[in-house]
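So this block is coords-v8.cif, mmCIF, C-alpha atoms:
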```
data_final
loop_
_atom_site.group_PDB
_atom_site.id
_atom_site.type_symbol
_atom_site.label_atom_id
_atom_site.label_comp_id
_atom_site.auth_asym_id
_atom_site.auth_seq_id
_atom_site.Cartn_x
_atom_site.Cartn_y
_atom_site.Cartn_z
ATOM 1 C CA MET A 1 10.660 21.095 -6.597
ATOM 2 C CA LEU A 2 8.104 18.364 -5.929
ATOM 3 C CA THR A 3 9.115 14.757 -6.523
ATOM 4 C CA ILE A 4 6.887 12.155 -8.202
ATOM 5 C CA GLY A 5 7.674 8.476 -7.795
ATOM 6 C CA VAL A 6 6.805 6.462 -10.919
ATOM 7 C CA CYS A 7 6.663 2.660 -10.882
ATOM 8 C CA GLU A 8 5.859 1.370 -14.381
ATOM 9 C CA ASP A 9 7.380 -1.670 -16.066
ATOM 10 C CA GLN A 10 6.449 -0.758 -19.666
ATOM 11 C CA GLU A 11 9.311 1.294 -21.087
ATOM 12 C CA SER A 12 7.189 3.222 -23.610
ATOM 13 C CA ILE A 13 4.704 4.408 -20.976
ATOM 14 C CA ARG A 14 7.453 5.093 -18.462
ATOM 15 C CA THR A 15 9.291 7.274 -20.985
ATOM 16 C CA ILE A 16 6.161 9.317 -21.739
ATOM 17 C CA LEU A 17 5.453 9.788 -18.036
ATOM 18 C CA VAL A 18 8.971 10.815 -17.081
ATOM 19 C CA ARG A 19 9.297 13.239 -19.986
ATOM 20 C CA GLY A 20 5.898 14.810 -19.296
ATOM 21 C CA LEU A 21 6.496 15.137 -15.569
ATOM 22 C CA LYS A 22 9.901 16.742 -16.029
ATOM 23 C CA GLN A 23 8.502 19.189 -18.575
ATOM 24 C CA ALA A 24 5.797 20.070 -16.043
ATOM 25 C CA GLY A 25 8.493 20.953 -13.508
ATOM 26 C CA TYR A 26 8.538 17.835 -11.345
ATOM 27 C CA ASP A 27 11.532 15.849 -10.230
ATOM 28 C CA VAL A 28 11.023 12.122 -10.944
ATOM 29 C CA VAL A 29 12.185 8.973 -9.158
ATOM 30 C CA VAL A 30 11.717 5.838 -11.274
ATOM 31 C CA ALA A 31 11.151 2.206 -10.317
ATOM 32 C CA HIS A 32 10.747 -0.674 -12.771
ATOM 33 C CA ASN A 33 9.188 -3.227 -10.420
ATOM 34 C CA GLY A 34 7.810 -3.702 -6.937
ATOM 35 C CA ARG A 35 11.109 -4.377 -5.222
ATOM 36 C CA GLU A 36 12.643 -1.221 -6.668
ATOM 37 C CA ALA A 37 9.559 0.758 -5.616
ATOM 38 C CA LEU A 38 9.937 -0.383 -2.003
ATOM 39 C CA ARG A 39 13.491 0.903 -2.021
ATOM 40 C CA GLN A 40 13.068 4.056 -4.119
ATOM 41 C CA PHE A 41 9.812 5.226 -2.534
ATOM 42 C CA SER A 42 10.679 4.459 1.094
ATOM 43 C CA PRO A 43 9.596 6.943 3.796
ATOM 44 C CA ASP A 44 13.214 8.133 4.009
ATOM 45 C CA ASN A 45 12.963 9.549 0.483
ATOM 46 C CA ASN A 46 11.138 12.800 -0.123
ATOM 47 C CA ILE A 47 8.382 11.535 -2.451
ATOM 48 C CA HIS A 48 5.325 13.783 -2.759
ATOM 49 C CA VAL A 49 3.088 11.594 -4.983
ATOM 50 C CA ILE A 50 3.401 7.995 -6.188
ATOM 51 C CA VAL A 51 2.231 6.745 -9.598
ATOM 52 C CA MET A 52 1.919 2.975 -9.378
ATOM 53 C CA ASP A 53 1.158 0.383 -12.042
ATOM 54 C CA ILE A 54 -0.779 -2.621 -10.740
ATOM 55 C CA GLY A 55 0.501 -5.298 -13.130
ATOM 56 C CA LEU A 56 4.171 -5.370 -12.141
ATOM 57 C CA PRO A 57 6.438 -8.291 -13.096
ATOM 58 C CA ASP A 58 7.261 -9.266 -9.496
ATOM 59 C CA ALA A 59 4.259 -8.156 -7.429
ATOM 60 C CA ASP A 60 0.763 -6.717 -7.436
ATOM 61 C CA GLY A 61 1.092 -2.931 -7.280
ATOM 62 C CA ARG A 62 -1.733 -2.815 -4.741
ATOM 63 C CA ASP A 63 0.305 -4.991 -2.375
ATOM 64 C CA VAL A 64 3.347 -2.775 -2.937
ATOM 65 C CA VAL A 65 1.355 0.322 -1.986
ATOM 66 C CA GLN A 66 0.021 -1.363 1.139
ATOM 67 C CA ALA A 67 3.566 -2.346 2.133
ATOM 68 C CA LEU A 68 4.796 1.212 1.580
ATOM 69 C CA LYS A 69 1.991 2.649 3.682
ATOM 70 C CA SER A 70 2.659 0.083 6.389
ATOM 71 C CA ALA A 71 6.299 1.231 6.399
ATOM 72 C CA GLY A 72 5.213 4.841 6.939
ATOM 73 C CA GLN A 73 5.129 6.188 3.368
ATOM 74 C CA HIS A 74 1.904 8.189 3.236
ATOM 75 C CA ALA A 75 2.340 10.138 0.004
ATOM 76 C CA PRO A 76 -0.842 10.195 -2.119
ATOM 77 C CA VAL A 77 -1.050 7.345 -4.638
ATOM 78 C CA LEU A 78 -2.410 7.275 -8.175
ATOM 79 C CA PHE A 79 -2.835 3.834 -9.722
ATOM 80 C CA LEU A 80 -2.154 3.790 -13.465
ATOM 81 C CA THR A 81 -3.319 0.509 -14.961
ATOM 82 C CA ALA A 82 -5.065 -1.270 -17.809
ATOM 83 C CA LEU A 83 -7.481 -2.888 -15.320
ATOM 84 C CA ASP A 84 -10.792 -1.116 -15.802
ATOM 85 C CA ALA A 85 -13.432 -3.306 -14.144
ATOM 86 C CA THR A 86 -15.409 -1.908 -11.230
ATOM 87 C CA GLN A 87 -13.903 -4.553 -8.956
ATOM 88 C CA ASP A 88 -10.394 -3.412 -9.940
ATOM 89 C CA HIS A 89 -11.225 0.202 -9.078
ATOM 90 C CA LEU A 90 -12.664 -0.805 -5.716
ATOM 91 C CA SER A 91 -9.715 -3.030 -4.805
ATOM 92 C CA GLY A 92 -7.355 -0.203 -5.756
ATOM 93 C CA PHE A 93 -9.058 2.267 -3.464
ATOM 94 C CA ALA A 94 -9.225 -0.348 -0.705
ATOM 95 C CA ALA A 95 -5.445 -0.758 -1.051
ATOM 96 C CA GLY A 96 -4.925 2.953 -0.418
ATOM 97 C CA ALA A 97 -5.301 4.694 -3.772
ATOM 98 C CA ASP A 98 -6.173 8.389 -3.837
ATOM 99 C CA ASP A 99 -6.902 8.297 -7.570
ATOM 100 C CA TYR A 100 -7.181 5.684 -10.317
ATOM 101 C CA VAL A 101 -6.448 6.231 -14.015
ATOM 102 C CA THR A 102 -6.795 3.591 -16.716
ATOM 103 C CA LYS A 103 -4.635 3.134 -19.810
ATOM 104 C CA PRO A 104 -4.629 4.594 -22.396
ATOM 105 C CA PHE A 105 -4.620 8.014 -20.772
ATOM 106 C CA GLU A 106 -4.355 11.677 -21.737
ATOM 107 C CA LEU A 107 -1.094 13.028 -20.342
ATOM 108 C CA LYS A 108 -2.550 16.495 -19.680
ATOM 109 C CA VAL A 109 -5.389 15.012 -17.640
ATOM 110 C CA LEU A 110 -2.986 12.790 -15.692
ATOM 111 C CA LEU A 111 -0.746 15.778 -14.916
ATOM 112 C CA ALA A 112 -3.739 17.792 -13.700
ATOM 113 C CA ARG A 113 -4.776 14.989 -11.353
ATOM 114 C CA LEU A 114 -1.229 14.618 -10.056
ATOM 115 C CA ASP A 115 -1.096 18.350 -9.389
ATOM 116 C CA VAL A 116 -4.180 18.029 -7.177
ATOM 117 C CA LEU A 117 -2.612 15.134 -5.252
ATOM 118 C CA ALA A 118 0.699 16.983 -4.882
ATOM 119 C CA ARG A 119 -1.073 19.955 -3.311
ATOM 120 C CA ARG A 120 -2.815 17.605 -0.876
ATOM 121 C CA GLY A 121 0.482 16.193 0.385
ATOM 122 C CA PRO A 122 1.124 13.180 2.626
ATOM 123 C CA THR A 123 -0.971 12.073 5.572
ATOM 124 C CA PRO A 124 1.213 11.707 8.691
ATOM 125 C CA GLY A 125 1.571 8.181 10.033
ATOM 126 C CA LEU A 126 3.043 6.441 13.043
ATOM 127 C CA ALA A 127 5.736 3.785 13.277
ATOM 128 C CA THR A 128 4.721 0.132 13.655
ATOM 129 C CA GLY A 129 7.497 -1.096 15.899
ATOM 130 C CA GLY A 130 9.999 -2.346 13.320
ATOM 131 C CA LEU A 131 7.501 -4.542 11.459
ATOM 132 C CA THR A 132 8.118 -4.673 7.706
ATOM 133 C CA LEU A 133 5.867 -6.193 5.040
ATOM 134 C CA ASP A 134 7.283 -7.657 1.825
ATOM 135 C CA PRO A 135 4.738 -7.771 -1.037
ATOM 136 C CA ILE A 136 7.003 -9.823 -3.282
ATOM 137 C CA SER A 137 7.310 -12.800 -0.906
ATOM 138 C CA HIS A 138 4.076 -12.050 1.003
ATOM 139 C CA SER A 139 5.918 -12.081 4.300
ATOM 140 C CA ALA A 140 6.318 -10.052 7.476
ATOM 141 C CA ARG A 141 9.642 -9.543 9.197
ATOM 142 C CA THR A 142 11.205 -7.949 12.230
ATOM 143 C CA PRO A 143 14.856 -7.828 13.305
ATOM 144 C CA ALA A 144 14.133 -11.118 15.117
ATOM 145 C CA GLY A 145 12.750 -13.125 12.194
ATOM 146 C CA GLN A 146 10.497 -13.501 9.177
ATOM 147 C CA VAL A 147 7.231 -15.367 8.534
ATOM 148 C CA ARG A 148 5.304 -16.124 5.351
ATOM 149 C CA LEU A 149 1.728 -14.874 5.002
ATOM 150 C CA SER A 150 -1.073 -15.956 2.738
ATOM 151 C CA PRO A 151 -2.242 -13.239 0.288
ATOM 152 C CA THR A 152 -5.338 -12.685 2.430
ATOM 153 C CA GLU A 153 -3.301 -12.457 5.640
ATOM 154 C CA PHE A 154 -0.889 -10.045 3.977
ATOM 155 C CA ARG A 155 -3.644 -7.697 2.806
ATOM 156 C CA MET A 156 -5.458 -7.770 6.140
ATOM 157 C CA LEU A 157 -2.279 -6.994 8.059
ATOM 158 C CA ALA A 158 -1.284 -4.292 5.587
ATOM 159 C CA ALA A 159 -4.683 -2.607 5.878
ATOM 160 C CA ILE A 160 -4.298 -2.413 9.652
ATOM 161 C CA THR A 161 -0.612 -1.489 9.855
ATOM 162 C CA ALA A 162 -1.028 1.234 7.223
ATOM 163 C CA ARG A 163 -3.028 3.216 9.789
ATOM 164 C CA PRO A 164 -1.283 2.696 13.151
ATOM 165 C CA GLY A 165 -2.971 4.494 16.007
ATOM 166 C CA GLU A 166 -6.329 4.393 14.228
ATOM 167 C CA VAL A 167 -9.157 1.912 14.500
ATOM 168 C CA VAL A 168 -9.570 0.285 11.082
ATOM 169 C CA ARG A 169 -13.149 -0.841 10.593
ATOM 170 C CA ARG A 170 -13.910 -4.453 9.764
ATOM 171 C CA ARG A 171 -15.457 -3.507 6.442
ATOM 172 C CA SER A 172 -12.229 -1.733 5.431
ATOM 173 C CA VAL A 173 -10.140 -4.790 6.296
ATOM 174 C CA ILE A 174 -12.521 -7.038 4.367
ATOM 175 C CA ALA A 175 -12.477 -4.685 1.360
ATOM 176 C CA ALA A 176 -8.677 -4.778 1.303
ATOM 177 C CA ALA A 177 -8.392 -8.555 1.585
ATOM 178 C CA TRP A 178 -11.338 -10.037 -0.322
ATOM 179 C CA PRO A 179 -12.884 -9.318 -3.763
ATOM 180 C CA ASP A 180 -15.832 -6.952 -3.901
ATOM 181 C CA GLY A 181 -19.061 -8.798 -3.179
ATOM 182 C CA ALA A 182 -17.435 -11.674 -1.280
ATOM 183 C CA ILE A 183 -19.502 -12.922 1.654
ATOM 184 C CA VAL A 184 -17.152 -12.914 4.645
ATOM 185 C CA ASN A 185 -18.568 -13.553 8.113
ATOM 186 C CA ASP A 186 -17.132 -12.270 11.380
ATOM 187 C CA ASN A 187 -15.881 -15.720 12.411
ATOM 188 C CA THR A 188 -13.740 -15.923 9.281
ATOM 189 C CA VAL A 189 -12.213 -12.512 9.909
ATOM 190 C CA ASP A 190 -11.553 -13.304 13.575
ATOM 191 C CA SER A 191 -9.908 -16.595 12.593
ATOM 192 C CA PHE A 192 -7.506 -14.782 10.268
ATOM 193 C CA ILE A 193 -6.750 -12.210 12.974
ATOM 194 C CA ARG A 194 -5.862 -14.981 15.446
ATOM 195 C CA ARG A 195 -3.526 -16.520 12.883
ATOM 196 C CA LEU A 196 -1.891 -13.149 12.285
ATOM 197 C CA ARG A 197 -1.370 -12.602 16.011
ATOM 198 C CA THR A 198 0.324 -16.004 16.276
ATOM 199 C CA LYS A 199 2.588 -15.271 13.330
ATOM 200 C CA LEU A 200 3.534 -11.823 14.664
ATOM 201 C CA GLU A 201 4.378 -13.329 18.047
ATOM 202 C CA SER A 202 6.528 -15.975 16.333
ATOM 203 C CA ILE A 203 8.857 -13.283 14.973
ATOM 204 C CA GLY A 204 8.961 -11.240 18.179
ATOM 205 C CA SER A 205 6.998 -8.328 16.756
ATOM 206 C CA GLU A 206 6.588 -5.268 18.973
ATOM 207 C CA ALA A 207 3.423 -4.516 17.004
ATOM 208 C CA GLY A 208 0.249 -6.403 17.824
ATOM 209 C CA ILE A 209 -3.380 -6.376 16.714
ATOM 210 C CA GLU A 210 -6.086 -5.356 19.169
ATOM 211 C CA THR A 211 -9.746 -6.063 18.436
ATOM 212 C CA ILE A 212 -12.113 -3.202 19.177
ATOM 213 C CA ARG A 213 -15.368 -5.027 19.720
ATOM 214 C CA GLY A 214 -18.109 -4.043 17.302
ATOM 215 C CA VAL A 215 -15.827 -1.687 15.355
ATOM 216 C CA GLY A 216 -12.612 -3.156 13.985
ATOM 217 C CA PHE A 217 -8.906 -3.470 14.717
ATOM 218 C CA THR A 218 -5.962 -1.301 15.721
ATOM 219 C CA MET A 219 -2.213 -1.728 16.022
ATOM 220 C CA THR A 220 -0.689 -1.676 19.496
ATOM 221 C CA ARG A 221 2.860 -1.743 20.805
ATOM 222 C CA ASN A 222 3.984 -4.435 23.247
ATOM 223 C CA THR A 223 6.196 -2.487 25.610
ATOM 224 C CA GLU A 224 7.435 -5.677 27.265
ATOM 225 C CA LYS A 225 9.403 -6.713 24.173
#
```
Do you think you could lay out the structure here as structure tokens?
Amino acid sequence: MLTIGVCEDQESIRTILVRGLKQAGYDVVVAHNGREALRQFSPDNNIHVIVMDIGLPDADGRDVVQALKSAGQHAPVLFLTALDATQDHLSGFAAGADDYVTKPFELKVLLARLDVLARRGPTPGLATGGLTLDPISHSARTPAGQVRLSPTEFRMLAAITARPGEVVRRRSVIAAAWPDGAIVNDNTVDSFIRRLRTKLESIGSEAGIETIRGVGFTMTRNTEK
């Protein structure tokens, strides 16, 4: 039986989703807010698809998804939200969405789209050296310490750590961290990357950010730590 993780804070919508998914033959794991989602949908749990609301009471659902992906949870994600502007769609996909459905929705259509995502399955990821991102406090932590991040720093770091071992292009990092249409020059991006490197070093992170000139950024492991 496939398992769907549902994070939705509105009880009426959550009830409809859970009932419909169970009738369709899915097992369901429920979270009411971002902090519960981080725990319930962790890579250690066998979640096949995640349904995530964006407007959660304690965090932005897009930040929660980025944190989950950074932690190694690579199940497909469907954002279910009332936000319907083009910019909202684009920021959702930049945060790692595989699909995006706006409220109100037809349950049969939602189930059909989830079925497609469930057949696709997760994309394998690599570990990031014990680095954990917290979307509620916008912080990064390792066993050696914790440091606060600005929202922009958090989203940049999450975009890179969500794909360890890959080179994440500059435009993808910018799309994850800034609104669509924002004019962001290379110097600004490089300045944020330097700040992130300093903050990661301050908490003894084994994961570091390497710049691939003319392309983007990738996560590396510091074997000396």
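The nearest approach to A:Ile47 among the residues A:Glu201, A:Asp27, A:Asp186, A:Asp60, with all atoms listed in the file taken into account, belongs to A:Asp27.
Between A:Ala71 and the residues A:Ser42, A:Thr218, A:Asn33, A:Asn185, the shortest atom-to-atom distance, using all atoms listed in the file, involves A:Ser42.
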Show me the residues close to (-0.8, 2.4, -17.8) - anything with an atom within 6 Å, counting only C-alpha atoms - and format the list as a ChimeraX atom specification. /A:80-82,103
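Atom CA of A:Thr132 is positioned 9.8 Å from atom CA of A:Ser205.
Once the PyMOL selection byres ((chain A and resi 76) around 6) is applied to the depicted file, the selected set reads Val49, Ala75, Val77, Asp98 and Pro122 of chain A.
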Expanded to explicit residues, what is the PyMOL selection byres ((chain A and resi 170-183) around 6) for this file, as an NGL selection string? :A and (87 or 94-95 or 152 or 155-156 or 159 or 169 or 184 or 216)
Using C-alpha atoms, can you export the residues from the last selection as an mmCIF file, in the coordinates of the input?
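Output below, filename part13.cif:
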```
data_model
loop_
_atom_site.group_PDB
_atom_site.id
_atom_site.type_symbol
_atom_site.label_atom_id
_atom_site.label_comp_id
_atom_site.auth_asym_id
_atom_site.auth_seq_id
_atom_site.Cartn_x
_atom_site.Cartn_y
_atom_site.Cartn_z
ATOM 1 C CA GLN A 87 -13.903 -4.553 -8.956
ATOM 2 C CA ALA A 94 -9.225 -0.348 -0.705
ATOM 3 C CA ALA A 95 -5.445 -0.758 -1.051
ATOM 4 C CA THR A 152 -5.338 -12.685 2.430
ATOM 5 C CA ARG A 155 -3.644 -7.697 2.806
ATOM 6 C CA MET A 156 -5.458 -7.770 6.140
ATOM 7 C CA ALA A 159 -4.683 -2.607 5.878
ATOM 8 C CA ARG A 169 -13.149 -0.841 10.593
ATOM 9 C CA VAL A 184 -17.152 -12.914 4.645
ATOM 10 C CA GLY A 216 -12.612 -3.156 13.985
#
```
Residue neighbourhood A:Leu149, 12 Å, only C-alpha atoms, exclusion window fewer than 5 positions, as JSON, numbers by chain: {"A": [133, 134, 135, 136, 137, 138, 139, 140, 141, 154, 155, 156, 157, 158, 192, 193, 195, 196, 197, 198, 199, 200]}
Create the file for the chosen residues now, containing C-alpha atoms and written as a PDB file, in the coordinates of the input.
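Output below, filename out-v2.pdb:
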```pdb
ATOM      1  CA  LEU A 133       5.867  -6.193   5.040  1.00  0.00           C
ATOM      2  CA  ASP A 134       7.283  -7.657   1.825  1.00  0.00           C
ATOM      3  CA  PRO A 135       4.738  -7.771  -1.037  1.00  0.00           C
ATOM      4  CA  ILE A 136       7.003  -9.823  -3.282  1.00  0.00           C
ATOM      5  CA  SER A 137       7.310 -12.800  -0.906  1.00  0.00           C
ATOM      6  CA  HIS A 138       4.076 -12.050   1.003  1.00  0.00           C
ATOM      7  CA  SER A 139       5.918 -12.081   4.300  1.00  0.00           C
ATOM      8  CA  ALA A 140       6.318 -10.052   7.476  1.00  0.00           C
ATOM      9  CA  ARG A 141       9.642  -9.543   9.197  1.00  0.00           C
ATOM     10  CA  PHE A 154      -0.889 -10.045   3.977  1.00  0.00           C
ATOM     11  CA  ARG A 155      -3.644  -7.697   2.806  1.00  0.00           C
ATOM     12  CA  MET A 156      -5.458  -7.770   6.140  1.00  0.00           C
ATOM     13  CA  LEU A 157      -2.279  -6.994   8.059  1.00  0.00           C
ATOM     14  CA  ALA A 158      -1.284  -4.292   5.587  1.00  0.00           C
ATOM     15  CA  PHE A 192      -7.506 -14.782  10.268  1.00  0.00           C
ATOM     16  CA  ILE A 193      -6.750 -12.210  12.974  1.00  0.00           C
ATOM     17  CA  ARG A 195      -3.526 -16.520  12.883  1.00  0.00           C
ATOM     18  CA  LEU A 196      -1.891 -13.149  12.285  1.00  0.00           C
ATOM     19  CA  ARG A 197      -1.370 -12.602  16.011  1.00  0.00           C
ATOM     20  CA  THR A 198       0.324 -16.004  16.276  1.00  0.00           C
ATOM     21  CA  LYS A 199       2.588 -15.271  13.330  1.00  0.00           C
ATOM     22  CA  LEU A 200       3.534 -11.823  14.664  1.00  0.00           C
TER      23      LEU A 200
END
```
For A:Glu36: contacts at 12 Å, only C-alpha atoms, fewer than 2 positions along chain excluded, given as a PyMOL selection string: chain A and resi 5-9+29-34+38-42+52+56-59+61+64+68+134-136
Next, write the just-selected residues to a file, as an mmCIF file, in the coordinates of the input, keeping C-alpha atoms as the atom set.
```
data_model
loop_
_atom_site.group_PDB
_atom_site.id
_atom_site.type_symbol
_atom_site.label_atom_id
_atom_site.label_comp_id
_atom_site.auth_asym_id
_atom_site.auth_seq_id
_atom_site.Cartn_x
_atom_site.Cartn_y
_atom_site.Cartn_z
ATOM 1 C CA GLY A 5 7.674 8.476 -7.795
ATOM 2 C CA VAL A 6 6.805 6.462 -10.919
ATOM 3 C CA CYS A 7 6.663 2.660 -10.882
ATOM 4 C CA GLU A 8 5.859 1.370 -14.381
ATOM 5 C CA ASP A 9 7.380 -1.670 -16.066
ATOM 6 C CA VAL A 29 12.185 8.973 -9.158
ATOM 7 C CA VAL A 30 11.717 5.838 -11.274
ATOM 8 C CA ALA A 31 11.151 2.206 -10.317
ATOM 9 C CA HIS A 32 10.747 -0.674 -12.771
ATOM 10 C CA ASN A 33 9.188 -3.227 -10.420
ATOM 11 C CA GLY A 34 7.810 -3.702 -6.937
ATOM 12 C CA LEU A 38 9.937 -0.383 -2.003
ATOM 13 C CA ARG A 39 13.491 0.903 -2.021
ATOM 14 C CA GLN A 40 13.068 4.056 -4.119
ATOM 15 C CA PHE A 41 9.812 5.226 -2.534
ATOM 16 C CA SER A 42 10.679 4.459 1.094
ATOM 17 C CA MET A 52 1.919 2.975 -9.378
ATOM 18 C CA LEU A 56 4.171 -5.370 -12.141
ATOM 19 C CA PRO A 57 6.438 -8.291 -13.096
ATOM 20 C CA ASP A 58 7.261 -9.266 -9.496
ATOM 21 C CA ALA A 59 4.259 -8.156 -7.429
ATOM 22 C CA GLY A 61 1.092 -2.931 -7.280
ATOM 23 C CA VAL A 64 3.347 -2.775 -2.937
ATOM 24 C CA LEU A 68 4.796 1.212 1.580
ATOM 25 C CA ASP A 134 7.283 -7.657 1.825
ATOM 26 C CA PRO A 135 4.738 -7.771 -1.037
ATOM 27 C CA ILE A 136 7.003 -9.823 -3.282
#
```
Can you turn the PyMOL selection byres ((chain A and resi 22) around 12) into a concrete residue list for this file, as a PDB file with C-alpha atoms, in the frame of the given file?
```pdb
ATOM      1  CA  MET A   1      10.660  21.095  -6.597  1.00  0.00           C
ATOM      2  CA  LEU A   2       8.104  18.364  -5.929  1.00  0.00           C
ATOM      3  CA  THR A   3       9.115  14.757  -6.523  1.00  0.00           C
ATOM      4  CA  ILE A   4       6.887  12.155  -8.202  1.00  0.00           C
ATOM      5  CA  GLY A   5       7.674   8.476  -7.795  1.00  0.00           C
ATOM      6  CA  VAL A   6       6.805   6.462 -10.919  1.00  0.00           C
ATOM      7  CA  THR A  15       9.291   7.274 -20.985  1.00  0.00           C
ATOM      8  CA  ILE A  16       6.161   9.317 -21.739  1.00  0.00           C
ATOM      9  CA  LEU A  17       5.453   9.788 -18.036  1.00  0.00           C
ATOM     10  CA  VAL A  18       8.971  10.815 -17.081  1.00  0.00           C
ATOM     11  CA  ARG A  19       9.297  13.239 -19.986  1.00  0.00           C
ATOM     12  CA  GLY A  20       5.898  14.810 -19.296  1.00  0.00           C
ATOM     13  CA  LEU A  21       6.496  15.137 -15.569  1.00  0.00           C
ATOM     14  CA  GLN A  23       8.502  19.189 -18.575  1.00  0.00           C
ATOM     15  CA  ALA A  24       5.797  20.070 -16.043  1.00  0.00           C
ATOM     16  CA  GLY A  25       8.493  20.953 -13.508  1.00  0.00           C
ATOM     17  CA  TYR A  26       8.538  17.835 -11.345  1.00  0.00           C
ATOM     18  CA  ASP A  27      11.532  15.849 -10.230  1.00  0.00           C
ATOM     19  CA  VAL A  28      11.023  12.122 -10.944  1.00  0.00           C
ATOM     20  CA  VAL A  29      12.185   8.973  -9.158  1.00  0.00           C
ATOM     21  CA  LEU A 111      -0.746  15.778 -14.916  1.00  0.00           C
TER      22      LEU A 111
END
```
